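K.L.:
Sharing input25.txt below, compact mmCIF, C-alpha atoms:
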```txt
# COMPACT_ATOMS: atom_id res chain seq x y z
CA MET U 25 0.00 0.00 0.00
CA LEU U 26 1.49 3.33 -1.08
CA ILE U 27 0.45 6.48 0.77
CA ILE U 28 1.54 10.02 -0.12
CA HIS U 29 1.50 12.73 2.56
CA VAL U 30 1.37 16.35 1.41
CA VAL U 31 2.72 19.07 3.70
CA GLY U 32 3.48 22.66 2.85
CA ALA U 33 3.29 25.00 5.83
CA ARG U 34 4.31 25.04 9.48
CA PRO U 35 1.11 23.58 11.01
CA ASN U 36 1.06 20.68 8.54
CA PHE U 37 4.28 19.27 9.93
CA MET U 38 2.90 18.85 13.46
CA LYS U 39 -0.18 17.11 12.05
CA ALA U 40 1.60 14.80 9.61
CA GLY U 41 4.33 13.66 11.99
CA PRO U 42 2.22 11.46 14.30
CA VAL U 43 0.30 9.95 11.34
CA ILE U 44 3.52 9.01 9.54
CA ILE U 45 4.85 7.39 12.72
CA ALA U 46 1.59 5.51 13.35
CA LEU U 47 1.47 4.16 9.78
CA SER U 48 5.15 3.20 9.86
CA GLN U 49 4.29 0.50 12.41
CA HIS U 50 2.61 -1.47 9.61
CA LYS U 51 5.02 -3.30 7.32
CA LYS U 52 2.70 -3.37 4.34
CA VAL U 53 2.60 0.43 4.16
CA HIS U 54 5.07 2.42 2.06
CA GLN U 55 4.97 6.19 2.58
CA VAL U 56 6.13 9.10 0.44
CA LEU U 57 6.44 12.55 2.01
CA VAL U 58 5.92 15.49 -0.35
CA HIS U 59 6.91 18.97 0.86
CA THR U 60 5.40 21.56 -1.47
CA GLY U 61 7.76 24.29 -0.28
CA GLN U 62 4.87 26.68 0.43
CA HIS U 63 6.85 27.81 3.49
CA TYR U 64 10.54 27.89 2.67
CA ASP U 65 12.06 29.82 5.58
CA HIS U 66 14.39 27.50 7.55
CA ASN U 67 12.81 28.22 10.93
CA MET U 68 9.34 27.66 9.50
CA SER U 69 9.95 24.38 7.66
CA GLU U 70 13.17 22.36 7.69
CA VAL U 71 13.80 22.74 11.43
CA PHE U 72 10.42 21.12 12.02
CA PHE U 73 11.48 17.91 10.36
CA ARG U 74 14.46 17.69 12.71
CA GLN U 75 12.52 18.51 15.89
CA LEU U 76 9.55 16.29 15.11
CA GLY U 77 11.66 13.29 14.12
CA LEU U 78 10.25 13.27 10.60
CA PRO U 79 12.18 11.78 7.71
CA GLU U 80 13.51 14.19 5.14
CA PRO U 81 10.92 14.82 2.41
CA ASP U 82 11.15 12.38 -0.46
CA ILE U 83 10.08 15.17 -2.82
CA ASN U 84 10.26 18.95 -2.50
CA LEU U 85 8.16 20.83 -5.03
CA SER U 86 9.91 24.13 -4.12
CA VAL U 87 6.85 26.25 -4.89
CA GLY U 88 7.72 29.19 -2.63
CA SER U 89 5.64 32.30 -2.16
CA GLY U 90 3.18 33.99 -4.50
CA SER U 91 -0.48 34.94 -4.69
CA HIS U 92 -3.04 32.34 -3.66
CA ALA U 93 -3.76 31.57 -7.30
CA GLN U 94 -0.09 31.29 -8.24
CA GLN U 95 0.79 29.12 -5.27
CA THR U 96 -2.19 26.79 -5.69
CA ALA U 97 -1.60 26.47 -9.42
CA GLN U 98 2.10 25.70 -9.02
CA VAL U 99 1.39 22.99 -6.45
CA MET U 100 -1.22 21.45 -8.75
CA VAL U 101 1.07 21.39 -11.79
CA ARG U 102 4.01 19.88 -9.90
CA PHE U 103 2.04 17.52 -7.67
CA GLU U 104 0.13 16.07 -10.64
CA GLN U 105 3.44 14.78 -11.99
CA VAL U 106 4.19 13.13 -8.63
CA VAL U 107 0.83 11.37 -8.53
CA GLN U 108 1.18 10.15 -12.10
CA GLN U 109 4.67 8.82 -11.36
CA TYR U 110 3.98 7.11 -8.01
CA LYS U 111 0.35 6.04 -8.53
CA PRO U 112 -0.51 6.05 -4.80
CA ASP U 113 -3.34 4.07 -3.27
CA PHE U 114 -4.37 7.24 -1.49
CA VAL U 115 -3.13 10.68 -0.48
CA LEU U 116 -3.36 12.37 2.92
CA VAL U 117 -3.65 16.16 3.14
CA TYR U 118 -3.57 18.26 6.29
CA GLY U 119 -5.22 21.42 7.56
CA ASP U 120 -6.35 24.32 5.38
CA VAL U 121 -3.38 25.77 3.48
CA ASN U 122 -3.15 26.23 -0.28
CA SER U 123 -1.13 23.04 -0.64
CA THR U 124 -4.03 21.10 0.88
CA ILE U 125 -6.71 22.17 -1.58
CA ALA U 126 -4.27 21.97 -4.50
CA ALA U 127 -3.38 18.34 -3.76
CA ALA U 128 -7.03 17.42 -3.19
CA LEU U 129 -8.02 18.92 -6.55
CA VAL U 130 -5.28 17.00 -8.36
CA CYS U 131 -6.32 13.72 -6.76
CA SER U 132 -10.01 14.26 -7.52
CA LYS U 133 -9.20 14.76 -11.22
CA LEU U 134 -7.02 11.63 -11.27
CA SER U 135 -9.48 9.50 -9.25
CA VAL U 136 -7.04 8.99 -6.37
CA PRO U 137 -8.73 8.71 -2.94
CA VAL U 138 -7.96 11.52 -0.48
CA GLY U 139 -8.01 11.66 3.31
CA HIS U 140 -8.31 15.06 4.99
CA VAL U 141 -6.77 15.29 8.46
CA GLU U 142 -8.41 18.08 10.51
CA ALA U 143 -11.63 18.08 8.52
CA GLY U 144 -14.86 19.86 9.37
CA LEU U 145 -13.49 23.01 11.00
CA ARG U 146 -15.40 26.16 10.07
CA SER U 147 -15.05 29.83 10.95
CA PHE U 148 -18.14 30.67 8.81
CA ASP U 149 -16.15 33.57 7.38
CA ARG U 150 -15.66 33.12 3.65
CA THR U 151 -13.44 36.17 3.41
CA MET U 152 -10.73 33.93 4.91
CA PRO U 153 -8.85 32.01 2.18
CA GLU U 154 -8.41 29.14 4.62
CA GLU U 155 -12.18 28.76 4.97
CA ILE U 156 -12.55 28.26 1.21
CA ASN U 157 -9.75 25.69 1.32
CA ARG U 158 -11.45 23.80 4.15
CA ILE U 159 -14.87 23.68 2.52
CA LEU U 160 -13.63 22.56 -0.89
CA THR U 161 -11.18 19.99 0.48
CA ASP U 162 -13.92 18.40 2.59
CA GLN U 163 -16.21 18.17 -0.43
CA LEU U 164 -13.49 16.34 -2.39
CA ALA U 165 -12.13 14.01 0.30
CA ASP U 166 -13.07 10.36 0.77
CA TRP U 167 -12.02 10.17 4.44
CA LEU U 168 -12.76 13.10 6.74
CA PHE U 169 -10.85 12.90 10.01
CA THR U 170 -12.33 15.42 12.44
CA PRO U 171 -10.68 16.72 15.63
CA SER U 172 -13.88 17.47 17.54
CA SER U 173 -17.62 16.84 17.40
CA ASP U 174 -18.44 20.29 16.00
CA GLY U 175 -16.52 19.24 12.88
CA ASP U 176 -18.84 16.26 12.44
CA GLU U 177 -21.86 18.52 12.78
CA ASN U 178 -20.53 20.97 10.19
CA LEU U 179 -19.89 18.22 7.65
CA ARG U 180 -23.33 16.64 8.10
CA ARG U 181 -24.91 20.07 7.68
CA GLU U 182 -23.05 20.44 4.37
CA GLY U 183 -24.41 17.16 3.09
CA ILE U 184 -21.34 14.96 3.55
CA THR U 185 -22.15 11.24 3.70
CA PRO U 186 -21.86 10.19 7.37
CA ALA U 187 -19.85 7.08 6.42
CA LYS U 188 -16.99 9.36 5.32
CA ILE U 189 -16.79 11.18 8.67
CA HIS U 190 -14.50 9.86 11.41
CA LEU U 191 -14.09 11.60 14.77
CA VAL U 192 -10.47 10.81 15.73
CA GLY U 193 -9.30 13.71 17.91
CA ASN U 194 -6.56 16.26 17.39
CA VAL U 195 -3.28 15.04 15.85
CA MET U 196 -1.52 18.27 16.87
CA ILE U 197 -2.03 17.23 20.47
CA ASP U 198 -0.28 13.93 19.63
CA THR U 199 2.81 15.92 18.70
CA LEU U 200 2.51 18.16 21.75
CA VAL U 201 2.25 15.18 24.11
CA SER U 202 5.26 13.47 22.55
CA LEU U 203 7.44 16.57 23.03
CA MET U 204 6.42 17.47 26.58
CA PRO U 205 9.36 15.55 28.16
CA GLN U 206 11.74 17.90 26.28
CA VAL U 207 9.92 21.12 27.15
CA ASP U 208 11.64 21.81 30.48
CA THR U 209 15.10 21.52 28.93
CA ALA U 210 14.13 23.88 26.13
CA TRP U 211 12.67 26.33 28.65
CA LEU U 212 15.95 26.61 30.58
CA GLU U 213 17.78 27.64 27.41
CA LEU U 214 15.06 30.12 26.38
CA GLN U 215 14.89 31.64 29.85
CA GLY U 216 18.57 32.55 29.63
CA ARG U 217 18.46 33.63 25.99
CA PHE U 218 15.60 36.11 26.46
CA ASP U 219 16.17 36.94 30.16
CA LEU U 220 12.71 35.70 31.14
CA SER U 221 13.27 35.79 34.88
CA SER U 222 9.68 36.79 35.69
CA SER U 223 6.23 36.51 34.13
CA PHE U 224 5.90 37.31 30.44
CA GLY U 225 3.36 37.32 27.64
CA LEU U 226 3.77 35.64 24.26
CA VAL U 227 2.56 37.13 20.95
CA THR U 228 2.13 35.65 17.47
CA LEU U 229 0.40 37.38 14.55
CA HIS U 230 0.27 36.51 10.86
CA ARG U 231 -3.34 36.64 9.57
CA PRO U 232 -3.91 39.03 6.64
CA SER U 233 -6.82 40.66 8.49
CA ASN U 234 -4.33 41.75 11.16
CA VAL U 235 -1.04 42.35 9.40
CA ASP U 236 -2.09 43.43 5.89
CA ASP U 237 -4.46 46.13 7.13
CA PRO U 238 -2.23 49.07 8.18
CA LEU U 239 -4.86 50.55 10.50
CA ALA U 240 -5.56 47.24 12.23
CA LEU U 241 -1.85 46.46 12.63
CA HIS U 242 -1.18 49.95 13.98
CA LYS U 243 -3.87 49.59 16.67
CA ILE U 244 -2.71 46.12 17.66
CA VAL U 245 0.93 47.13 17.98
CA GLU U 246 0.04 50.28 19.93
CA THR U 247 -1.90 48.11 22.38
CA LEU U 248 0.93 45.57 22.67
CA VAL U 249 3.36 48.37 23.51
CA ILE U 250 1.02 49.56 26.29
CA ILE U 251 0.68 46.02 27.66
CA ALA U 252 4.47 45.66 27.57
CA HIS U 253 4.69 48.30 30.31
CA ASP U 254 3.24 45.72 32.70
CA LEU U 255 5.36 42.71 31.70
CA PRO U 256 7.71 41.66 28.90
CA LEU U 257 6.04 40.61 25.64
CA LEU U 258 8.04 38.11 23.57
CA PHE U 259 7.07 38.26 19.91
CA PRO U 260 8.52 35.57 17.58
CA ILE U 261 7.68 37.46 14.44
CA HIS U 262 6.41 35.92 11.22
CA PRO U 263 8.34 37.14 8.12
CA ARG U 264 5.12 38.58 6.72
CA THR U 265 4.47 40.57 9.89
CA ARG U 266 8.05 41.86 10.12
CA HIS U 267 7.80 43.16 6.58
CA ARG U 268 4.53 44.98 7.32
CA LEU U 269 5.91 46.55 10.50
CA ALA U 270 8.95 47.83 8.64
CA ASN U 271 6.73 49.45 6.02
CA LEU U 272 4.63 51.20 8.66
CA GLY U 273 7.64 52.46 10.59
CA LEU U 274 6.00 51.58 13.92
CA SER U 275 7.99 51.86 17.15
CA VAL U 276 8.25 48.43 18.74
CA ASP U 277 11.19 49.05 21.07
CA ARG U 278 9.34 47.72 24.11
CA LEU U 279 8.52 44.42 22.43
CA LEU U 280 10.99 41.52 22.50
CA LEU U 281 11.08 40.67 18.80
CA THR U 282 12.77 37.47 17.71
CA GLU U 283 12.98 35.34 14.59
CA PRO U 284 10.45 32.48 14.24
CA LEU U 285 11.30 29.68 16.65
CA GLY U 286 11.27 25.93 16.28
CA TYR U 287 8.17 24.14 17.46
CA LEU U 288 9.75 22.78 20.64
CA GLU U 289 10.94 26.24 21.70
CA PHE U 290 7.59 27.83 20.96
CA LEU U 291 5.82 25.07 22.86
CA ALA U 292 8.05 25.68 25.89
CA LEU U 293 7.20 29.39 25.78
CA GLN U 294 3.46 28.69 25.53
CA ASN U 295 3.71 26.38 28.51
CA ARG U 296 5.38 29.04 30.70
CA ALA U 297 3.70 32.24 29.45
CA SER U 298 1.20 34.13 31.61
CA PHE U 299 -0.95 34.44 28.48
CA VAL U 300 -0.70 34.21 24.70
CA ILE U 301 -2.02 36.81 22.26
CA THR U 302 -2.47 35.20 18.85
CA ASP U 303 -4.42 34.84 15.63
CA SER U 304 -3.23 31.26 15.05
CA GLY U 305 -5.64 28.35 15.04
CA GLY U 306 -3.04 25.87 16.24
CA VAL U 307 -2.03 28.07 19.17
CA GLN U 308 -5.67 28.20 20.30
CA GLU U 309 -5.58 24.40 20.51
CA GLU U 310 -2.19 24.08 22.17
CA THR U 311 -2.85 26.69 24.86
CA SER U 312 -6.15 25.01 25.72
CA PHE U 313 -4.36 21.71 26.27
CA LEU U 314 -1.60 23.40 28.28
CA GLY U 315 -4.03 25.51 30.33
CA THR U 316 -2.45 28.81 29.26
CA PRO U 317 -4.90 31.73 28.79
CA CYS U 318 -5.27 32.54 25.09
CA LEU U 319 -6.55 35.86 23.70
CA THR U 320 -7.37 35.52 20.01
CA VAL U 321 -7.22 38.66 17.87
CA ARG U 322 -9.89 37.51 15.43
CA GLU U 323 -13.62 38.03 15.05
CA ASN U 324 -14.28 34.29 14.72
CA THR U 325 -12.62 30.92 15.17
CA GLU U 326 -12.90 27.59 13.41
CA ARG U 327 -12.05 25.97 16.75
CA PRO U 328 -15.05 26.80 18.98
CA ILE U 329 -14.26 23.82 21.20
CA THR U 330 -11.30 25.84 22.56
CA ILE U 331 -13.74 28.50 23.76
CA ALA U 332 -16.34 26.08 25.12
CA LEU U 333 -13.90 23.79 26.97
CA GLY U 334 -10.47 25.40 26.71
CA THR U 335 -8.77 28.65 27.65
CA ASN U 336 -9.46 30.63 24.50
CA LYS U 337 -11.30 33.96 24.31
CA LEU U 338 -12.02 35.96 21.17
CA VAL U 339 -11.26 39.68 21.45
CA GLY U 340 -11.40 40.54 17.74
CA HIS U 341 -10.08 44.03 17.07
CA ASN U 342 -11.44 45.41 20.34
CA MET U 343 -8.17 46.64 21.79
CA PRO U 344 -9.66 47.99 25.04
CA GLN U 345 -11.04 44.50 25.64
CA LEU U 346 -7.62 42.99 24.94
CA ARG U 347 -6.06 45.24 27.58
CA SER U 348 -8.87 44.44 30.02
CA GLU U 349 -8.50 40.68 29.53
CA VAL U 350 -4.76 40.91 30.11
CA GLN U 351 -5.32 42.86 33.33
CA SER U 352 -7.82 40.25 34.49
CA ILE U 353 -5.35 37.42 33.84
CA LEU U 354 -2.55 39.26 35.64
CA ALA U 355 -4.93 39.73 38.59
CA GLY U 356 -5.17 35.95 38.88
CA LYS U 357 -8.46 35.35 37.05
CA ARG U 358 -7.39 32.49 34.80
CA PRO U 359 -9.79 30.25 32.84
CA SER U 360 -10.20 26.66 34.00
CA PRO U 361 -10.06 24.33 30.98
CA GLN U 362 -11.90 21.02 30.82
CA PRO U 363 -10.54 17.91 29.07
CA ILE U 364 -11.47 18.01 25.37
CA PRO U 365 -12.67 14.57 24.21
CA LEU U 366 -10.08 12.54 22.25
CA TRP U 367 -7.36 15.18 22.62
CA ASP U 368 -5.28 12.50 24.30
CA GLY U 369 -2.24 11.87 22.12
CA HIS U 370 -3.71 8.89 20.22
CA ALA U 371 -5.49 10.52 17.27
CA ALA U 372 -2.91 9.31 14.72
CA LYS U 373 -3.33 5.71 15.81
CA ARG U 374 -7.07 6.02 15.21
CA ILE U 375 -6.44 7.40 11.73
CA ALA U 376 -4.06 4.56 10.89
CA SER U 377 -6.57 2.00 12.15
CA ILE U 378 -9.36 3.43 9.97
CA LEU U 379 -7.20 3.63 6.84
CA LEU U 380 -5.85 0.11 7.19
```
Just give me the structure of the file as structure tokens.

P.N.:
Amino acid sequence: MLIIHVVGARPNFMKAGPVIIALSQHKKVHQVLVHTGQHYDHNMSEVFFRQLGLPEPDINLSVGSGSHAQQTAQVMVRFEQVVQQYKPDFVLVYGDVNSTIAAALVCSKLSVPVGHVEAGLRSFDRTMPEEINRILTDQLADWLFTPSSDGDENLRREGITPAKIHLVGNVMIDTLVSLMPQVDTAWLELQGRFDLSSSFGLVTLHRPSNVDDPLALHKIVETLVIIAHDLPLLFPIHPRTRHRLANLGLSVDRLLLTEPLGYLEFLALQNRASFVITDSGGVQEETSFLGTPCLTVRENTERPITIALGTNKLVGHNMPQLRSEVQSILAGKRPSPQPIPLWDGHAAKRIASILL
């Protein structure tokens, strides 16, 4: 049995890793790992393979950056050649990036079965490119592996055949659980590197609605600078965000800016932070598992389970609310998360069992 995994951006690596390991336990399975090259910065791609114990990609499509149309088209053209050469029994795609929908489209045209890991998530905001990718990929896929029950409900509402839907849990949590024994060692190094001798906040921003809108970015950064008067704010900055800040000429002297970090380092920071300010879907999940308060600078989330049972709170672009929530957390009013069903470190094993 030949299985191709398609990864292209930072979150995909954490999702694919556990599935590859789970499938590798079965001798009859041969796996091919295709890296589309959608993210090509070292700290946002290659370092993940080393930290997550993944094999080097068998194929790198080296697509690089570009508009959504250019990137999706390039992945389709290059991945079609891979599928025609290898003739896989099925292909696994992950998450909601352009590489995901591109690979699913290629497979649907070539009649190759597709499994979508992290299916069914919806923000109900079609201005988000990721939302379009999610919806279309789920319509094309033959296996839909959902991380939470709301994903099942969304898919049934959209007319997906129930037999295709499989509630397996969150594969990102599998990766998180496997790395927890290394977190304390990583924290000691980070504490010295960034002089984090007391409480600190952690920031990550990359969504177009936040960083491509000059007015929105200006308000967010102004608020972060104010918050930084109360405690240090460490900001591993996405290349896209750094570029936008430079163009705006904003003063960020009070913020501790750093290059993007490896997953293990970022996980250690999330685990020790007083709170995390983010617009990342994966961070909403990880902080909920770790019990770290999460303030999401978005008007919606495709992960409502992190609000219902986790530590996540949406603040949108309401900057006074963001400051108020931070003050509340610093005053000791922390959310109390509940265990999220099947977020237990065994989602990948369930996926492997279903596929085989």

K.L.:
So that I can check the surroundings of region 139-151 of chain U, please list as an mmCIF file with C-alpha atoms, in the frame of the given file every protein, DNA and RNA residue that reaches within 6 Å of it, counting all atoms listed in the file and ignoring chain neighbours fewer than 4 positions away.

P.N.:
```cif
data_model
loop_
_atom_site.group_PDB
_atom_site.id
_atom_site.type_symbol
_atom_site.label_atom_id
_atom_site.label_comp_id
_atom_site.auth_asym_id
_atom_site.auth_seq_id
_atom_site.Cartn_x
_atom_site.Cartn_y
_atom_site.Cartn_z
ATOM 1 C CA LEU U 116 -3.360 12.370 2.920
ATOM 2 C CA VAL U 117 -3.650 16.160 3.140
ATOM 3 C CA TYR U 118 -3.570 18.260 6.290
ATOM 4 C CA GLY U 119 -5.220 21.420 7.560
ATOM 5 C CA GLU U 155 -12.180 28.760 4.970
ATOM 6 C CA ALA U 165 -12.130 14.010 0.300
ATOM 7 C CA ASP U 166 -13.070 10.360 0.770
ATOM 8 C CA TRP U 167 -12.020 10.170 4.440
ATOM 9 C CA LEU U 168 -12.760 13.100 6.740
ATOM 10 C CA PHE U 169 -10.850 12.900 10.010
ATOM 11 C CA THR U 170 -12.330 15.420 12.440
ATOM 12 C CA PRO U 171 -10.680 16.720 15.630
ATOM 13 C CA GLY U 175 -16.520 19.240 12.880
ATOM 14 C CA ASN U 178 -20.530 20.970 10.190
ATOM 15 C CA LEU U 179 -19.890 18.220 7.650
ATOM 16 C CA ASN U 324 -14.280 34.290 14.720
ATOM 17 C CA THR U 325 -12.620 30.920 15.170
ATOM 18 C CA GLU U 326 -12.900 27.590 13.410
#
```

K.L.:
Give me the residues near Phe224 (chain U) as an NGL selection string, where near means some atom within 9 Å (using all atoms listed in the file) and where sequence neighbours in that chain fewer than 4 positions away do not count.

P.N.:
:U and (220 or 252 or 255-258 or 296-299)

K.L.:
Using all atoms listed in the file for the distances, tell me which of U:Val115, U:Val195, U:Ile184, U:Val53 is nearest to His370 (chain U).

P.N.:
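Selected residue with least distance to His370 (chain U): U:Val195.
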
K.L.:
Go through U:Arg278, U:Leu379, U:Lys243, U:Leu269 and flag the residue nearest Arg347 (chain U), using only C-alpha atoms for the distances.

P.N.:
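Ranking U:Arg278, U:Leu379, U:Lys243, U:Leu269 by distance to Arg347 (chain U), first place goes to U:Lys243.
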
K.L.:
Go ahead and compute the interatomic distance for CA of Gly273 (chain U) and CA of Arg231 (chain U), in Å to one decimal.

P.N.:
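Straight-line distance from CA of Gly273 (chain U) to CA of Arg231 (chain U) works out to 19.3 Å.
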
K.L.:
Residues within 12 Å of (-20.5, 24.5, 29.3), file coordinates, counting all atoms listed in the file: what are they? Give the list as a tab-separated table (two decimals) with C-alpha atoms, in the frame of the given file.

P.N.:
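Final output, saved to part-v6.tsv:
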```tsv
chain	number	residue	atom	x	y	z
U	328	PRO	CA	-15.05	26.80	18.98
U	329	ILE	CA	-14.26	23.82	21.20
U	330	THR	CA	-11.30	25.84	22.56
U	331	ILE	CA	-13.74	28.50	23.76
U	332	ALA	CA	-16.34	26.08	25.12
U	333	LEU	CA	-13.90	23.79	26.97
U	334	GLY	CA	-10.47	25.40	26.71
U	360	SER	CA	-10.20	26.66	34.00
U	361	PRO	CA	-10.06	24.33	30.98
U	362	GLN	CA	-11.90	21.02	30.82
U	363	PRO	CA	-10.54	17.91	29.07
U	364	ILE	CA	-11.47	18.01	25.37
```

K.L.:
Between U:Met38, U:Val58, U:Val350, U:Ala93, which residue has the minimum interatomic distance to Gln105 (chain U), considering all atoms listed in the file?

P.N.:
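Using all atoms listed in the file, the shortest distance to Gln105 (chain U) belongs to U:Val58.
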
K.L.:
Quick one: residues within 12 Å of (-3.5, 9.5, 14.6) (file frame), counting all atoms listed in the file, please, as a PyMOL selection string.

P.N.:
chain U and resi 38-48+141-142+169-171+190-199+366-379

K.L.:
Check the smallest atom-to-atom distance from each of U:Arg74, U:Arg327, U:Arg34, U:His29 to Gln55 (chain U) using all atoms listed in the file, then report the winner.

P.N.:
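The shortest atom-to-atom distance to Gln55 (chain U) comes from U:His29.
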
K.L.:
Would you please work out which residue, of U:Gly88, U:Pro205, U:Gly305, U:Gly225, is nearest to Leu293 (chain U) when using only C-alpha atoms?

P.N.:
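Checking each candidate against Leu293 (chain U), we get U:Gly225 as the closest.
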